[in-house]
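Coordinates as given in entry-v4.txt (compact mmCIF, N, CA and C atoms):
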# COMPACT_ATOMS: atom_id res chain seq x y z
N MET A 1 3.33 6.23 5.79
CA MET A 1 3.87 6.05 4.49
C MET A 1 5.02 7.01 4.27
N ASP A 2 6.03 6.56 3.56
CA ASP A 2 7.17 7.43 3.29
C ASP A 2 6.74 8.62 2.46
N GLN A 3 7.32 9.76 2.77
CA GLN A 3 7.02 10.97 2.02
C GLN A 3 8.04 11.11 0.90
N LEU A 4 7.59 11.06 -0.33
CA LEU A 4 8.42 11.22 -1.50
C LEU A 4 7.92 12.41 -2.29
N PRO A 5 8.67 12.85 -3.30
CA PRO A 5 8.18 13.97 -4.10
C PRO A 5 6.76 13.71 -4.57
N ALA A 6 5.90 14.70 -4.34
CA ALA A 6 4.49 14.52 -4.65
C ALA A 6 4.13 15.29 -5.90
N GLY A 7 2.94 15.03 -6.39
CA GLY A 7 2.40 15.77 -7.51
C GLY A 7 2.36 14.96 -8.78
N ASP A 8 1.73 15.58 -9.75
CA ASP A 8 1.57 14.92 -11.04
C ASP A 8 2.90 14.59 -11.69
N ASP A 9 3.90 15.47 -11.52
CA ASP A 9 5.20 15.23 -12.14
C ASP A 9 5.85 13.95 -11.61
N ALA A 10 5.77 13.75 -10.30
CA ALA A 10 6.35 12.54 -9.72
C ALA A 10 5.62 11.30 -10.21
N ALA A 11 4.30 11.35 -10.21
CA ALA A 11 3.52 10.20 -10.68
C ALA A 11 3.83 9.89 -12.13
N THR A 12 3.93 10.94 -12.94
CA THR A 12 4.25 10.75 -14.36
C THR A 12 5.65 10.15 -14.52
N GLY A 13 6.59 10.65 -13.73
CA GLY A 13 7.96 10.14 -13.79
C GLY A 13 8.05 8.68 -13.41
N TYR A 14 7.37 8.31 -12.32
CA TYR A 14 7.40 6.91 -11.90
C TYR A 14 6.66 6.01 -12.88
N ALA A 15 5.57 6.50 -13.46
CA ALA A 15 4.84 5.70 -14.45
C ALA A 15 5.72 5.46 -15.67
N THR A 16 6.47 6.49 -16.06
CA THR A 16 7.40 6.36 -17.19
C THR A 16 8.50 5.35 -16.85
N ALA A 17 9.01 5.43 -15.64
CA ALA A 17 10.05 4.48 -15.20
C ALA A 17 9.51 3.05 -15.23
N MET A 18 8.26 2.88 -14.82
CA MET A 18 7.67 1.54 -14.81
C MET A 18 7.55 0.96 -16.23
N LYS A 19 7.31 1.84 -17.20
CA LYS A 19 7.24 1.36 -18.59
C LYS A 19 8.61 0.90 -19.06
N ARG A 20 9.64 1.63 -18.64
CA ARG A 20 10.99 1.29 -19.08
C ARG A 20 11.56 0.12 -18.28
N TRP A 21 11.29 0.11 -16.97
CA TRP A 21 11.80 -0.92 -16.07
C TRP A 21 10.64 -1.56 -15.30
N PRO A 22 9.86 -2.39 -15.96
CA PRO A 22 8.65 -2.94 -15.32
C PRO A 22 8.93 -3.82 -14.09
N GLN A 23 10.15 -4.26 -13.91
CA GLN A 23 10.49 -5.09 -12.75
C GLN A 23 11.14 -4.28 -11.62
N SER A 24 11.06 -2.95 -11.71
CA SER A 24 11.69 -2.10 -10.70
C SER A 24 10.78 -1.91 -9.49
N TYR A 25 11.20 -2.51 -8.37
CA TYR A 25 10.46 -2.37 -7.12
C TYR A 25 10.45 -0.90 -6.68
N ALA A 26 11.59 -0.24 -6.78
CA ALA A 26 11.68 1.16 -6.35
C ALA A 26 10.74 2.05 -7.14
N ALA A 27 10.68 1.86 -8.45
CA ALA A 27 9.77 2.66 -9.28
C ALA A 27 8.31 2.36 -8.92
N CYS A 28 8.03 1.11 -8.65
CA CYS A 28 6.67 0.71 -8.28
C CYS A 28 6.26 1.36 -6.96
N MET A 29 7.14 1.33 -5.98
CA MET A 29 6.84 1.96 -4.69
C MET A 29 6.72 3.47 -4.85
N GLY A 30 7.59 4.06 -5.65
CA GLY A 30 7.51 5.50 -5.90
C GLY A 30 6.20 5.87 -6.55
N LEU A 31 5.76 5.07 -7.52
CA LEU A 31 4.50 5.31 -8.18
C LEU A 31 3.34 5.20 -7.18
N GLY A 32 3.38 4.17 -6.35
CA GLY A 32 2.33 4.02 -5.34
C GLY A 32 2.29 5.19 -4.37
N ASN A 33 3.45 5.60 -3.89
CA ASN A 33 3.51 6.72 -2.95
C ASN A 33 3.07 8.04 -3.60
N SER A 34 3.46 8.26 -4.85
CA SER A 34 3.06 9.50 -5.51
C SER A 34 1.55 9.51 -5.80
N ARG A 35 1.01 8.37 -6.19
CA ARG A 35 -0.44 8.30 -6.41
C ARG A 35 -1.19 8.47 -5.09
N TYR A 36 -0.65 7.92 -4.02
CA TYR A 36 -1.26 8.09 -2.71
C TYR A 36 -1.29 9.58 -2.33
N SER A 37 -0.19 10.27 -2.58
CA SER A 37 -0.13 11.69 -2.23
C SER A 37 -1.12 12.52 -3.05
N LEU A 38 -1.52 12.00 -4.20
CA LEU A 38 -2.51 12.66 -5.05
C LEU A 38 -3.94 12.20 -4.71
N HIS A 39 -4.07 11.37 -3.67
CA HIS A 39 -5.35 10.81 -3.23
C HIS A 39 -5.96 9.88 -4.27
N ASP A 40 -5.11 9.29 -5.11
CA ASP A 40 -5.54 8.30 -6.09
C ASP A 40 -5.35 6.93 -5.44
N LEU A 41 -6.31 6.56 -4.59
CA LEU A 41 -6.16 5.32 -3.83
C LEU A 41 -6.18 4.08 -4.71
N ALA A 42 -6.99 4.09 -5.75
CA ALA A 42 -7.04 2.93 -6.66
C ALA A 42 -5.69 2.77 -7.36
N GLY A 43 -5.13 3.87 -7.82
CA GLY A 43 -3.82 3.83 -8.48
C GLY A 43 -2.72 3.41 -7.53
N ALA A 44 -2.78 3.91 -6.29
CA ALA A 44 -1.78 3.54 -5.29
C ALA A 44 -1.88 2.05 -4.98
N ALA A 45 -3.11 1.55 -4.81
CA ALA A 45 -3.30 0.13 -4.52
C ALA A 45 -2.74 -0.73 -5.64
N GLU A 46 -3.00 -0.34 -6.87
CA GLU A 46 -2.49 -1.10 -8.02
C GLU A 46 -0.96 -1.17 -8.00
N ALA A 47 -0.32 -0.04 -7.74
CA ALA A 47 1.15 0.00 -7.71
C ALA A 47 1.70 -0.82 -6.55
N PHE A 48 1.11 -0.68 -5.36
CA PHE A 48 1.60 -1.43 -4.21
C PHE A 48 1.36 -2.92 -4.38
N ARG A 49 0.24 -3.29 -4.98
CA ARG A 49 -0.04 -4.70 -5.23
C ARG A 49 1.04 -5.29 -6.14
N ARG A 50 1.39 -4.53 -7.16
CA ARG A 50 2.44 -4.99 -8.08
C ARG A 50 3.78 -5.11 -7.34
N ALA A 51 4.06 -4.15 -6.45
CA ALA A 51 5.30 -4.20 -5.69
C ALA A 51 5.36 -5.45 -4.81
N THR A 52 4.21 -5.88 -4.26
CA THR A 52 4.21 -7.10 -3.44
C THR A 52 4.57 -8.33 -4.28
N LEU A 53 4.25 -8.29 -5.55
CA LEU A 53 4.60 -9.40 -6.44
C LEU A 53 6.07 -9.36 -6.82
N LEU A 54 6.62 -8.14 -6.96
CA LEU A 54 8.02 -8.00 -7.33
C LEU A 54 8.96 -8.38 -6.18
N GLU A 55 8.58 -8.02 -4.96
CA GLU A 55 9.40 -8.35 -3.79
C GLU A 55 8.50 -8.89 -2.67
N PRO A 56 8.08 -10.15 -2.81
CA PRO A 56 7.12 -10.72 -1.86
C PRO A 56 7.65 -10.92 -0.45
N LYS A 57 8.93 -10.70 -0.23
CA LYS A 57 9.49 -10.85 1.13
C LYS A 57 9.80 -9.50 1.76
N ASN A 58 9.34 -8.42 1.12
CA ASN A 58 9.54 -7.07 1.64
C ASN A 58 8.22 -6.56 2.19
N GLY A 59 8.17 -6.31 3.48
CA GLY A 59 6.92 -5.92 4.13
C GLY A 59 6.43 -4.52 3.81
N MET A 60 7.30 -3.66 3.28
CA MET A 60 6.91 -2.27 3.06
C MET A 60 5.72 -2.14 2.10
N ALA A 61 5.75 -2.85 0.99
CA ALA A 61 4.64 -2.76 0.04
C ALA A 61 3.35 -3.30 0.64
N PHE A 62 3.45 -4.39 1.41
CA PHE A 62 2.26 -4.94 2.07
C PHE A 62 1.69 -3.93 3.07
N ASN A 63 2.57 -3.27 3.81
CA ASN A 63 2.13 -2.28 4.78
C ASN A 63 1.44 -1.11 4.09
N ASN A 64 2.03 -0.61 3.02
CA ASN A 64 1.43 0.51 2.31
C ASN A 64 0.10 0.12 1.68
N LEU A 65 0.04 -1.09 1.15
CA LEU A 65 -1.21 -1.58 0.57
C LEU A 65 -2.27 -1.72 1.66
N ALA A 66 -1.87 -2.15 2.84
CA ALA A 66 -2.81 -2.24 3.96
C ALA A 66 -3.39 -0.87 4.29
N GLN A 67 -2.54 0.14 4.31
CA GLN A 67 -3.00 1.50 4.60
C GLN A 67 -4.02 1.97 3.56
N VAL A 68 -3.73 1.73 2.31
CA VAL A 68 -4.64 2.13 1.23
C VAL A 68 -5.97 1.39 1.35
N PHE A 69 -5.91 0.08 1.55
CA PHE A 69 -7.13 -0.69 1.71
C PHE A 69 -7.95 -0.17 2.89
N ALA A 70 -7.29 0.16 3.98
CA ALA A 70 -8.00 0.69 5.15
C ALA A 70 -8.72 1.98 4.79
N GLU A 71 -8.06 2.85 4.06
CA GLU A 71 -8.68 4.12 3.67
C GLU A 71 -9.81 3.93 2.67
N GLN A 72 -9.77 2.83 1.94
CA GLN A 72 -10.85 2.51 1.01
C GLN A 72 -12.01 1.80 1.71
N GLY A 73 -11.86 1.52 3.00
CA GLY A 73 -12.90 0.83 3.73
C GLY A 73 -12.87 -0.68 3.55
N LYS A 74 -11.78 -1.20 3.04
CA LYS A 74 -11.62 -2.64 2.82
C LYS A 74 -10.88 -3.24 4.01
N ARG A 75 -11.57 -3.30 5.13
CA ARG A 75 -10.94 -3.72 6.39
C ARG A 75 -10.35 -5.12 6.32
N LYS A 76 -11.10 -6.07 5.77
CA LYS A 76 -10.63 -7.46 5.70
C LYS A 76 -9.33 -7.56 4.90
N GLU A 77 -9.28 -6.91 3.75
CA GLU A 77 -8.09 -6.92 2.91
C GLU A 77 -6.94 -6.19 3.60
N ALA A 78 -7.28 -5.09 4.26
CA ALA A 78 -6.27 -4.30 4.98
C ALA A 78 -5.63 -5.14 6.08
N LEU A 79 -6.45 -5.86 6.84
CA LEU A 79 -5.93 -6.72 7.90
C LEU A 79 -4.98 -7.78 7.35
N ALA A 80 -5.37 -8.40 6.26
CA ALA A 80 -4.54 -9.46 5.67
C ALA A 80 -3.18 -8.90 5.23
N MET A 81 -3.17 -7.74 4.61
CA MET A 81 -1.91 -7.14 4.15
C MET A 81 -1.05 -6.68 5.33
N ALA A 82 -1.68 -6.09 6.34
CA ALA A 82 -0.92 -5.63 7.51
C ALA A 82 -0.33 -6.82 8.27
N GLN A 83 -1.10 -7.89 8.39
CA GLN A 83 -0.59 -9.08 9.08
C GLN A 83 0.58 -9.68 8.31
N ARG A 84 0.50 -9.65 6.99
CA ARG A 84 1.61 -10.17 6.18
C ARG A 84 2.86 -9.32 6.40
N ALA A 85 2.71 -8.01 6.44
CA ALA A 85 3.86 -7.13 6.67
C ALA A 85 4.51 -7.46 8.01
N VAL A 86 3.71 -7.65 9.05
CA VAL A 86 4.24 -7.98 10.38
C VAL A 86 4.94 -9.34 10.34
N GLU A 87 4.35 -10.31 9.66
CA GLU A 87 4.98 -11.63 9.54
C GLU A 87 6.35 -11.53 8.87
N LEU A 88 6.46 -10.67 7.86
CA LEU A 88 7.73 -10.53 7.15
C LEU A 88 8.78 -9.81 7.98
N GLY A 89 8.34 -8.92 8.85
CA GLY A 89 9.25 -8.23 9.75
C GLY A 89 10.24 -7.33 9.03
N GLY A 90 11.41 -7.20 9.62
CA GLY A 90 12.44 -6.34 9.05
C GLY A 90 12.61 -5.07 9.87
N PRO A 91 13.41 -4.15 9.36
CA PRO A 91 13.73 -2.94 10.12
C PRO A 91 12.54 -2.02 10.39
N LEU A 92 11.46 -2.17 9.63
CA LEU A 92 10.27 -1.33 9.83
C LEU A 92 9.15 -2.07 10.57
N LEU A 93 9.51 -3.13 11.26
CA LEU A 93 8.51 -3.96 11.94
C LEU A 93 7.63 -3.14 12.87
N GLU A 94 8.19 -2.22 13.61
CA GLU A 94 7.38 -1.42 14.54
C GLU A 94 6.34 -0.60 13.77
N ASN A 95 6.71 -0.05 12.62
CA ASN A 95 5.76 0.68 11.78
C ASN A 95 4.64 -0.25 11.31
N PHE A 96 5.02 -1.47 10.93
CA PHE A 96 4.04 -2.44 10.45
C PHE A 96 3.07 -2.79 11.58
N ARG A 97 3.59 -2.94 12.78
CA ARG A 97 2.74 -3.24 13.94
C ARG A 97 1.77 -2.10 14.22
N GLN A 98 2.24 -0.87 14.07
CA GLN A 98 1.36 0.29 14.28
C GLN A 98 0.23 0.30 13.25
N THR A 99 0.57 0.02 12.00
CA THR A 99 -0.45 -0.03 10.96
C THR A 99 -1.48 -1.11 11.30
N LEU A 100 -1.00 -2.29 11.67
CA LEU A 100 -1.90 -3.38 12.03
C LEU A 100 -2.80 -2.99 13.19
N GLY A 101 -2.24 -2.35 14.20
CA GLY A 101 -3.03 -1.92 15.35
C GLY A 101 -4.12 -0.93 14.97
N LYS A 102 -3.80 0.01 14.10
CA LYS A 102 -4.79 0.99 13.65
C LYS A 102 -5.92 0.32 12.88
N ILE A 103 -5.57 -0.65 12.06
CA ILE A 103 -6.59 -1.35 11.27
C ILE A 103 -7.47 -2.20 12.18
N LYS A 104 -6.86 -2.88 13.15
CA LYS A 104 -7.65 -3.68 14.09
C LYS A 104 -8.62 -2.81 14.88
N ALA A 105 -8.25 -1.56 15.10
CA ALA A 105 -9.11 -0.64 15.86
C ALA A 105 -10.25 -0.07 15.02
N MET A 106 -10.21 -0.28 13.71
CA MET A 106 -11.28 0.21 12.84
C MET A 106 -12.58 -0.52 13.16
N PRO A 107 -13.70 0.17 13.06
CA PRO A 107 -14.98 -0.52 13.28
C PRO A 107 -15.20 -1.60 12.23
N THR A 108 -15.80 -2.69 12.68
CA THR A 108 -16.13 -3.78 11.78
C THR A 108 -17.38 -3.40 11.00
N PRO A 109 -17.39 -3.62 9.68
CA PRO A 109 -18.60 -3.29 8.90
C PRO A 109 -19.81 -4.06 9.41
N ARG A 110 -20.97 -3.44 9.33
CA ARG A 110 -22.21 -4.08 9.76
C ARG A 110 -22.56 -5.23 8.84
N SER A 111 -23.27 -6.19 9.38
CA SER A 111 -23.72 -7.34 8.58
C SER A 111 -24.66 -6.87 7.49
N GLY A 112 -24.56 -7.54 6.35
CA GLY A 112 -25.45 -7.22 5.25
C GLY A 112 -24.95 -6.08 4.38
N ARG A 113 -23.92 -5.42 4.82
CA ARG A 113 -23.37 -4.30 4.05
C ARG A 113 -22.11 -4.78 3.34
N LYS A 114 -22.03 -4.51 2.07
CA LYS A 114 -20.87 -4.94 1.31
C LYS A 114 -19.67 -4.12 1.73
N GLN A 115 -18.55 -4.81 1.87
CA GLN A 115 -17.31 -4.17 2.27
C GLN A 115 -16.46 -3.88 1.04
N GLY A 116 -15.84 -2.70 1.00
CA GLY A 116 -14.86 -2.38 -0.03
C GLY A 116 -15.39 -2.31 -1.43
N LYS A 117 -16.34 -1.44 -1.65
CA LYS A 117 -16.87 -1.28 -3.01
C LYS A 117 -15.81 -0.82 -3.96
Write the structure described by the file as structure tokens, please.
Amino acid sequence: MDQLPAGDDAATGYATAMKRWPQSYAACMGLGNSRYSLHDLAGAAEAFRRATLLEPKNGMAFNNLAQVFAEQGKRKEALAMAQRAVELGGPLLENFRQTLGKIKAMPTPRSGRKQGK
């Protein structure tokens, strides 16, 4: 994931930007990255999910969302997002492939156990 200014100030700034410019992909990605740096995975997922809706042909948000889902233990969702990022391609395709490879290497949840609480 891209390293951007971290901390509560960055998250607050991006959240404020999202209120003013709700269609801003850059603000959405910044909010997701800042929440991720604060270990707020639910908040990061929400921001990245929104970014995928704002720019559905940009693989970066799908890739970042895949990473968050993987860290939340949501392997199935992570695989779907990582595969979408690879399908979309672009200049970061190799990064997307690495993310997909890491997720594929994750252990599969045991049967009978709910995935991604």
Looking at A:Ala78, A:Glu46, A:Leu88, A:Asn33, which one is nearest to A:Asn58, with distances taken over only C-alpha atoms?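 Result for the nearest residue to A:Asn58: A:Leu88.
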Report as a PDB file with N, CA and C atoms, keeping the file's coordinate frame all protein, DNA and RNA residues lying within 6.5 Å of stretch 16-29 of chain A, evaluated on all atoms listed in the file, omitting residues in the same chain fewer than 3 positions from it.
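And here's selection-v9.pdb as it stands now:
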ATOM      1  N   ALA A  11       4.300  11.350 -10.210  1.00  0.00           N
ATOM      2  CA  ALA A  11       3.520  10.200 -10.680  1.00  0.00           C
ATOM      3  C   ALA A  11       3.830   9.890 -12.130  1.00  0.00           C
ATOM      4  N   THR A  12       3.930  10.940 -12.940  1.00  0.00           N
ATOM      5  CA  THR A  12       4.250  10.750 -14.360  1.00  0.00           C
ATOM      6  C   THR A  12       5.650  10.150 -14.520  1.00  0.00           C
ATOM      7  N   GLY A  13       6.590  10.650 -13.730  1.00  0.00           N
ATOM      8  CA  GLY A  13       7.960  10.140 -13.790  1.00  0.00           C
ATOM      9  C   GLY A  13       8.050   8.680 -13.410  1.00  0.00           C
ATOM     10  N   GLY A  32       3.380   4.170  -6.350  1.00  0.00           N
ATOM     11  CA  GLY A  32       2.330   4.020  -5.340  1.00  0.00           C
ATOM     12  C   GLY A  32       2.290   5.190  -4.370  1.00  0.00           C
ATOM     13  N   ASN A  33       3.450   5.600  -3.890  1.00  0.00           N
ATOM     14  CA  ASN A  33       3.510   6.720  -2.950  1.00  0.00           C
ATOM     15  C   ASN A  33       3.070   8.040  -3.600  1.00  0.00           C
ATOM     16  N   SER A  34       3.460   8.260  -4.850  1.00  0.00           N
ATOM     17  CA  SER A  34       3.060   9.500  -5.510  1.00  0.00           C
ATOM     18  C   SER A  34       1.550   9.510  -5.800  1.00  0.00           C
ATOM     19  N   ALA A  47      -0.320  -0.040  -7.740  1.00  0.00           N
ATOM     20  CA  ALA A  47       1.150   0.000  -7.710  1.00  0.00           C
ATOM     21  C   ALA A  47       1.700  -0.820  -6.550  1.00  0.00           C
ATOM     22  N   PHE A  48       1.110  -0.680  -5.360  1.00  0.00           N
ATOM     23  CA  PHE A  48       1.600  -1.430  -4.210  1.00  0.00           C
ATOM     24  C   PHE A  48       1.360  -2.920  -4.380  1.00  0.00           C
ATOM     25  N   ALA A  51       4.060  -4.150  -6.450  1.00  0.00           N
ATOM     26  CA  ALA A  51       5.300  -4.200  -5.690  1.00  0.00           C
ATOM     27  C   ALA A  51       5.360  -5.450  -4.810  1.00  0.00           C
ATOM     28  N   LEU A  54       6.620  -8.140  -6.960  1.00  0.00           N
ATOM     29  CA  LEU A  54       8.020  -8.000  -7.330  1.00  0.00           C
ATOM     30  C   LEU A  54       8.960  -8.380  -6.180  1.00  0.00           C
ATOM     31  N   GLU A  55       8.580  -8.020  -4.960  1.00  0.00           N
ATOM     32  CA  GLU A  55       9.400  -8.350  -3.790  1.00  0.00           C
ATOM     33  C   GLU A  55       8.500  -8.890  -2.670  1.00  0.00           C
TER      34      GLU A  55
END
Pick from A:Ala66, A:Ala42, A:Ala61, A:Ala15: nearest to A:Ala82, with only N, CA and C atoms counted?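 The closest residue to A:Ala82 is A:Ala66.
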Atom CA of A:Tyr36 to atom C of A:Thr99, distance in Å rounded to a single decimal: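 These two atoms are separated by 16.8 Å.
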Out of A:Leu38, A:Phe96, A:Gly90, A:Lys76, which residue has the shortest atom-to-atom distance to A:Asn64 when counting only C-alpha atoms?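 Among the listed residues, the smallest separation from A:Asn64 belongs to A:Phe96.
Minimum atom-to-atom distance to A:Leu92, evaluated using all atoms listed in the file, belongs to A:Gly59 out of A:Arg50, A:Leu65, A:Gly43, A:Gly59.
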From the set A:Arg35, A:Lys102, A:Arg84, A:Arg75, which residue has the shortest atom-to-atom contact distance to A:Met60, counting only N, CA and C atoms?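 The shortest atom-to-atom distance to A:Met60 comes from A:Arg84.
Each of A:Arg97, A:Lys104, A:Arg110, A:His39 was checked against A:Asn63 using only C-alpha atoms; the smallest atom-to-atom distance is that of A:Arg97.
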Which parts of stretch 6-91 of chain A does DSSP call helix (DSSP H, G or I) when run on the backbone here, written out as number ranges by chain? A: 8-20, 25-37, 41-54, 59-71, 75-88
Would you give the centre and edge lengths, in Å to one decimal, of a box along x, y and z around the listed atoms of stretch 63-69 of chain A, with 6 Å added to each side, as lines of an AutoDock Vina configuration file?
center_x = -2.7
center_y = -0.6
center_z = 2.7
size_x = 22.5
size_y = 17.4
size_z = 16.2
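For the atom pair formed by atom N of A:Pro107 and atom N of A:Val86, the distance is 19.5 Å, given to one decimal.
Between atom CA of A:Gln72 and atom N of A:Leu41 the interatomic distance comes to 8.3 Å.
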